[in-house]
Amino acid sequence: MNMAFTASDVSKAVFLAVIFVITVVGNGLVVYVLTKFRKQLLKNRPTYQFILNIVLSDLIVGIVTIPFEFTRELLEEWIFGTALCKIIEFIEIAVSGTAVCTHALIAFDRYRSLARPYLPKMERRIVRQMITLSWLVPAIMSSPYLYMFEVQEIDSKIVCTPNAIPIDWLDKLYEAIEFVAVLLIPFVVLCWCYFHVTLIMWGRSPLVGVENFPAAPHSVISQNKKRVTRTSGLVAAAFIVCWLPTFVLSFVRIVSGTESVHRGQVLHEISMFGIFINEAINPIIYCAFDRSLKARIRLHTICTLHTESVESSQNATRTINTAAEHTLTQMDVRNLDPTLPSDQPNHERRRHTLNT
């Protein structure tokens, strides 16, 4: 194992460490706020249920996979064996696919809310089924990677990378199906929905007739919906930019086979960092631009600071009371003998004691 760290290795490892901290803290904070205020945010509000699904998937990827990638970048080798190679890579690919599918669900929910504002919200049962499918479909589509990933030596380095399926056409077919099901279809849904959301916001959508809505209620509804859509749109834009290298990587593997790009190559490195960056910035966007989350995070911070202030005041009060009790106790001891005034010199006190 090579223990001579290059500047490039250290810089990439440090960058991953920063991403890890931001991912865990940011997504953890959003999860905490959503669960703490679940009655206000999660009950009958599909968008925030989908947001919770995304941040949970990002949190899993951050906690489970980034530490292994940090070690691999620092050492430039995989040192954890074949079993962990298969498990960690499967989790990273499958759970990242869950985030992709959930982005599409958020886009669909925003489009539905704006295009048909007076339709009832999606039933809880349907939302749960969508969330379940967002985990099952990527997991099923990624399951062949449990067979394909192996630890092997490439360019004198031990790497964890997928082998191609022995039948060439089957290998390319699998890469194509997995790409279409997990990446392309959610991406098309996301783009279509947000394109029409933009048209609706500008009043140019042929799918929505303004005359169908009363002016005042529709204006009130649109004001809130546009605010939430702006947040979701920012998340979508960040998703497209960060996931573009992964699309290129998948296309190359479809054309040339799985082994055409292995771990450690530049395209794979860019793809991996893009995914991790997206997982880190999602909670930043939510906290910065979503009023509901921002308000509750501020409330939580203020309450925490107030609680700490109250506790500090209570501790100070206890200290003062303890000191006062100690002083009163000393005074009581001195007052046990009435013949000893409190201001009597020490040597006179000793003489009085001896004479007694």
# chains A, B, ... in the order shown; residues from 1 in each chain; ligands from 1
>>> residues_around(residues="region 19-23 of chain A", least_positions_apart="5", cutoff="9 Å", atoms="only C-alpha atoms", output="PDB file with all heavy atoms, in the first residue's frame")
ATOM      1  N   VAL A  14      -9.466  16.143   1.523  1.00  0.00           N
ATOM      2  CA  VAL A  14      -9.961  17.265   2.330  1.00  0.00           C
ATOM      3  C   VAL A  14     -11.289  17.776   1.782  1.00  0.00           C
ATOM      4  O   VAL A  14     -12.226  18.074   2.543  1.00  0.00           O
ATOM      5  CB  VAL A  14      -8.918  18.400   2.368  1.00  0.00           C
ATOM      6  CG1 VAL A  14      -9.510  19.660   2.995  1.00  0.00           C
ATOM      7  CG2 VAL A  14      -7.682  17.963   3.140  1.00  0.00           C
ATOM      8  N   GLY A  28     -28.967  16.437   8.145  1.00  0.00           N
ATOM      9  CA  GLY A  28     -29.430  16.083   9.482  1.00  0.00           C
ATOM     10  C   GLY A  28     -30.317  17.165  10.079  1.00  0.00           C
ATOM     11  O   GLY A  28     -31.326  16.870  10.730  1.00  0.00           O
ATOM     12  N   ASP A  58     -29.770  11.319   0.889  1.00  0.00           N
ATOM     13  CA  ASP A  58     -28.482  12.017   0.895  1.00  0.00           C
ATOM     14  C   ASP A  58     -27.708  11.739   2.177  1.00  0.00           C
ATOM     15  O   ASP A  58     -26.476  11.577   2.168  1.00  0.00           O
ATOM     16  CB  ASP A  58     -28.692  13.518   0.735  1.00  0.00           C
ATOM     17  CG  ASP A  58     -29.183  13.903  -0.652  1.00  0.00           C
ATOM     18  OD1 ASP A  58     -29.067  13.063  -1.569  1.00  0.00           O
ATOM     19  OD2 ASP A  58     -29.684  15.027  -0.819  1.00  0.00           O
ATOM     20  N   LEU A  59     -28.434  11.682   3.291  1.00  0.00           N
ATOM     21  CA  LEU A  59     -27.782  11.419   4.577  1.00  0.00           C
ATOM     22  C   LEU A  59     -27.191  10.014   4.614  1.00  0.00           C
ATOM     23  O   LEU A  59     -26.080   9.807   5.119  1.00  0.00           O
ATOM     24  CB  LEU A  59     -28.802  11.604   5.696  1.00  0.00           C
ATOM     25  CG  LEU A  59     -28.275  11.784   7.120  1.00  0.00           C
ATOM     26  CD1 LEU A  59     -27.384  13.006   7.211  1.00  0.00           C
ATOM     27  CD2 LEU A  59     -29.450  11.926   8.095  1.00  0.00           C
ATOM     28  N   GLY A  62     -24.108  10.002   2.459  1.00  0.00           N
ATOM     29  CA  GLY A  62     -23.032  10.740   3.117  1.00  0.00           C
ATOM     30  C   GLY A  62     -22.390   9.959   4.251  1.00  0.00           C
ATOM     31  O   GLY A  62     -21.159   9.888   4.354  1.00  0.00           O
ATOM     32  N   ILE A  63     -23.215   9.357   5.108  1.00  0.00           N
ATOM     33  CA  ILE A  63     -22.682   8.661   6.276  1.00  0.00           C
ATOM     34  C   ILE A  63     -22.032   7.330   5.894  1.00  0.00           C
ATOM     35  O   ILE A  63     -20.973   6.970   6.417  1.00  0.00           O
ATOM     36  CB  ILE A  63     -23.801   8.436   7.312  1.00  0.00           C
ATOM     37  CG1 ILE A  63     -24.259   9.776   7.889  1.00  0.00           C
ATOM     38  CG2 ILE A  63     -23.332   7.511   8.435  1.00  0.00           C
ATOM     39  CD1 ILE A  63     -25.446   9.662   8.827  1.00  0.00           C
ATOM     40  N   ILE A  66     -19.254   8.116   1.916  1.00  0.00           N
ATOM     41  CA  ILE A  66     -18.191   9.124   1.806  1.00  0.00           C
ATOM     42  C   ILE A  66     -16.955   8.765   2.637  1.00  0.00           C
ATOM     43  O   ILE A  66     -15.823   8.971   2.177  1.00  0.00           O
ATOM     44  CB  ILE A  66     -18.723  10.525   2.166  1.00  0.00           C
ATOM     45  CG1 ILE A  66     -19.686  11.004   1.082  1.00  0.00           C
ATOM     46  CG2 ILE A  66     -17.575  11.526   2.302  1.00  0.00           C
ATOM     47  CD1 ILE A  66     -20.226  12.408   1.298  1.00  0.00           C
ATOM     48  N   PRO A  67     -17.085   8.222   3.862  1.00  0.00           N
ATOM     49  CA  PRO A  67     -15.852   7.848   4.585  1.00  0.00           C
ATOM     50  C   PRO A  67     -14.997   6.831   3.824  1.00  0.00           C
ATOM     51  O   PRO A  67     -13.757   6.915   3.855  1.00  0.00           O
ATOM     52  CB  PRO A  67     -16.397   7.250   5.890  1.00  0.00           C
ATOM     53  CG  PRO A  67     -17.701   7.932   6.100  1.00  0.00           C
ATOM     54  CD  PRO A  67     -18.278   8.093   4.733  1.00  0.00           C
ATOM     55  N   PHE A 276     -21.812  13.922  -4.953  1.00  0.00           N
ATOM     56  CA  PHE A 276     -21.631  14.284  -3.550  1.00  0.00           C
ATOM     57  C   PHE A 276     -21.909  15.773  -3.316  1.00  0.00           C
ATOM     58  O   PHE A 276     -22.483  16.157  -2.286  1.00  0.00           O
ATOM     59  CB  PHE A 276     -20.218  13.933  -3.096  1.00  0.00           C
ATOM     60  CG  PHE A 276     -19.982  12.455  -2.937  1.00  0.00           C
ATOM     61  CD1 PHE A 276     -18.694  11.933  -2.962  1.00  0.00           C
ATOM     62  CD2 PHE A 276     -21.031  11.580  -2.777  1.00  0.00           C
ATOM     63  CE1 PHE A 276     -18.467  10.571  -2.809  1.00  0.00           C
ATOM     64  CE2 PHE A 276     -20.830  10.214  -2.624  1.00  0.00           C
ATOM     65  CZ  PHE A 276     -19.538   9.716  -2.646  1.00  0.00           C
ATOM     66  N   ILE A 277     -21.496  16.617  -4.265  1.00  0.00           N
ATOM     67  CA  ILE A 277     -21.762  18.053  -4.127  1.00  0.00           C
ATOM     68  C   ILE A 277     -23.261  18.316  -4.130  1.00  0.00           C
ATOM     69  O   ILE A 277     -23.776  19.121  -3.346  1.00  0.00           O
ATOM     70  CB  ILE A 277     -21.065  18.843  -5.250  1.00  0.00           C
ATOM     71  CG1 ILE A 277     -19.545  18.819  -5.041  1.00  0.00           C
ATOM     72  CG2 ILE A 277     -21.553  20.288  -5.289  1.00  0.00           C
ATOM     73  CD1 ILE A 277     -18.764  19.410  -6.194  1.00  0.00           C
ATOM     74  N   GLU A 279     -25.594  16.333  -3.129  1.00  0.00           N
ATOM     75  CA  GLU A 279     -26.143  15.906  -1.840  1.00  0.00           C
ATOM     76  C   GLU A 279     -25.850  16.912  -0.739  1.00  0.00           C
ATOM     77  O   GLU A 279     -26.622  17.038   0.215  1.00  0.00           O
ATOM     78  CB  GLU A 279     -25.568  14.540  -1.469  1.00  0.00           C
ATOM     79  CG  GLU A 279     -26.059  13.419  -2.383  1.00  0.00           C
ATOM     80  CD  GLU A 279     -25.231  12.162  -2.262  1.00  0.00           C
ATOM     81  OE1 GLU A 279     -24.195  12.212  -1.579  1.00  0.00           O
ATOM     82  OE2 GLU A 279     -25.613  11.141  -2.858  1.00  0.00           O
ATOM     83  N   ALA A 280     -24.749  17.646  -0.870  1.00  0.00           N
ATOM     84  CA  ALA A 280     -24.386  18.628   0.154  1.00  0.00           C
ATOM     85  C   ALA A 280     -25.167  19.931   0.013  1.00  0.00           C
ATOM     86  O   ALA A 280     -25.510  20.558   1.023  1.00  0.00           O
ATOM     87  CB  ALA A 280     -22.883  18.910   0.103  1.00  0.00           C
ATOM     88  N   ILE A 281     -25.458  20.351  -1.231  1.00  0.00           N
ATOM     89  CA  ILE A 281     -26.083  21.659  -1.416  1.00  0.00           C
ATOM     90  C   ILE A 281     -27.603  21.614  -1.348  1.00  0.00           C
ATOM     91  O   ILE A 281     -28.234  22.671  -1.178  1.00  0.00           O
ATOM     92  CB  ILE A 281     -25.652  22.302  -2.751  1.00  0.00           C
ATOM     93  CG1 ILE A 281     -26.145  21.473  -3.944  1.00  0.00           C
ATOM     94  CG2 ILE A 281     -24.146  22.487  -2.794  1.00  0.00           C
ATOM     95  CD1 ILE A 281     -25.789  22.086  -5.281  1.00  0.00           C
ATOM     96  N   ASN A 282     -28.196  20.434  -1.472  1.00  0.00           N
ATOM     97  CA  ASN A 282     -29.663  20.355  -1.382  1.00  0.00           C
ATOM     98  C   ASN A 282     -30.206  20.970  -0.092  1.00  0.00           C
ATOM     99  O   ASN A 282     -31.107  21.816  -0.134  1.00  0.00           O
ATOM    100  CB  ASN A 282     -30.128  18.907  -1.515  1.00  0.00           C
ATOM    101  CG  ASN A 282     -30.211  18.452  -2.957  1.00  0.00           C
ATOM    102  OD1 ASN A 282     -30.275  19.259  -3.876  1.00  0.00           O
ATOM    103  ND2 ASN A 282     -30.201  17.154  -3.168  1.00  0.00           N
ATOM    104  N   PRO A 283     -29.689  20.592   1.088  1.00  0.00           N
ATOM    105  CA  PRO A 283     -30.235  21.195   2.317  1.00  0.00           C
ATOM    106  C   PRO A 283     -29.957  22.684   2.421  1.00  0.00           C
ATOM    107  O   PRO A 283     -30.732  23.417   3.038  1.00  0.00           O
ATOM    108  CB  PRO A 283     -29.534  20.412   3.434  1.00  0.00           C
ATOM    109  CG  PRO A 283     -28.299  19.864   2.814  1.00  0.00           C
ATOM    110  CD  PRO A 283     -28.666  19.567   1.393  1.00  0.00           C
ATOM    111  N   ILE A 284     -28.846  23.151   1.824  1.00  0.00           N
ATOM    112  CA  ILE A 284     -28.552  24.592   1.842  1.00  0.00           C
ATOM    113  C   ILE A 284     -29.634  25.349   1.086  1.00  0.00           C
ATOM    114  O   ILE A 284     -30.119  26.395   1.531  1.00  0.00           O
ATOM    115  CB  ILE A 284     -27.163  24.860   1.229  1.00  0.00           C
ATOM    116  CG1 ILE A 284     -26.075  24.215   2.091  1.00  0.00           C
ATOM    117  CG2 ILE A 284     -26.911  26.361   1.098  1.00  0.00           C
ATOM    118  CD1 ILE A 284     -24.681  24.347   1.522  1.00  0.00           C
TER     119      ILE A 284
END
>>> select_by_dssp(residues="region 109-159 of chain A", states="alpha helix (DSSP H)", output="PyMOL selection string")
chain A and resi 109-115+124-142+145-148
>>> residues_around(residues="region 176-180 of chain A", least_positions_apart="3", cutoff="7 Å", atoms="only C-alpha atoms", output="PyMOL selection string")
chain A and resi 141+172-173+183-185+250+254
>>> write_last_selection(atoms="N, CA, C and O atoms", output="short mmCIF file (atom, residue, chain, number, x, y, z; two decimals), in the first residue's frame")
data_model
loop_
_atom_site.label_atom_id
_atom_site.label_comp_id
_atom_site.auth_asym_id
_atom_site.auth_seq_id
_atom_site.Cartn_x
_atom_site.Cartn_y
_atom_site.Cartn_z
N MET A 141 -32.85 -2.23 -9.99
CA MET A 141 -32.07 -1.98 -11.19
C MET A 141 -30.56 -2.02 -10.92
O MET A 141 -29.77 -2.33 -11.80
N LYS A 172 -24.00 -4.17 -22.37
CA LYS A 172 -24.43 -2.86 -22.87
C LYS A 172 -25.94 -2.68 -22.70
O LYS A 172 -26.41 -1.57 -22.40
N LEU A 173 -26.70 -3.76 -22.88
CA LEU A 173 -28.15 -3.68 -22.71
C LEU A 173 -28.50 -3.34 -21.26
O LEU A 173 -29.39 -2.51 -21.00
N LEU A 183 -32.16 7.08 -14.45
CA LEU A 183 -31.70 8.44 -14.72
C LEU A 183 -32.53 9.16 -15.77
O LEU A 183 -33.02 10.27 -15.53
N LEU A 184 -32.69 8.55 -16.94
CA LEU A 184 -33.28 9.27 -18.05
C LEU A 184 -34.76 9.58 -17.84
O LEU A 184 -35.20 10.73 -18.04
N ILE A 185 -35.55 8.59 -17.45
CA ILE A 185 -36.99 8.82 -17.25
C ILE A 185 -37.24 9.87 -16.16
O ILE A 185 -38.01 10.82 -16.39
N SER A 250 -22.59 7.27 -18.04
CA SER A 250 -23.51 6.19 -18.41
C SER A 250 -23.57 6.02 -19.93
O SER A 250 -23.60 4.88 -20.43
N ILE A 254 -22.67 2.67 -22.08
CA ILE A 254 -23.63 2.04 -22.98
C ILE A 254 -22.99 1.77 -24.33
O ILE A 254 -23.20 0.71 -24.94
#
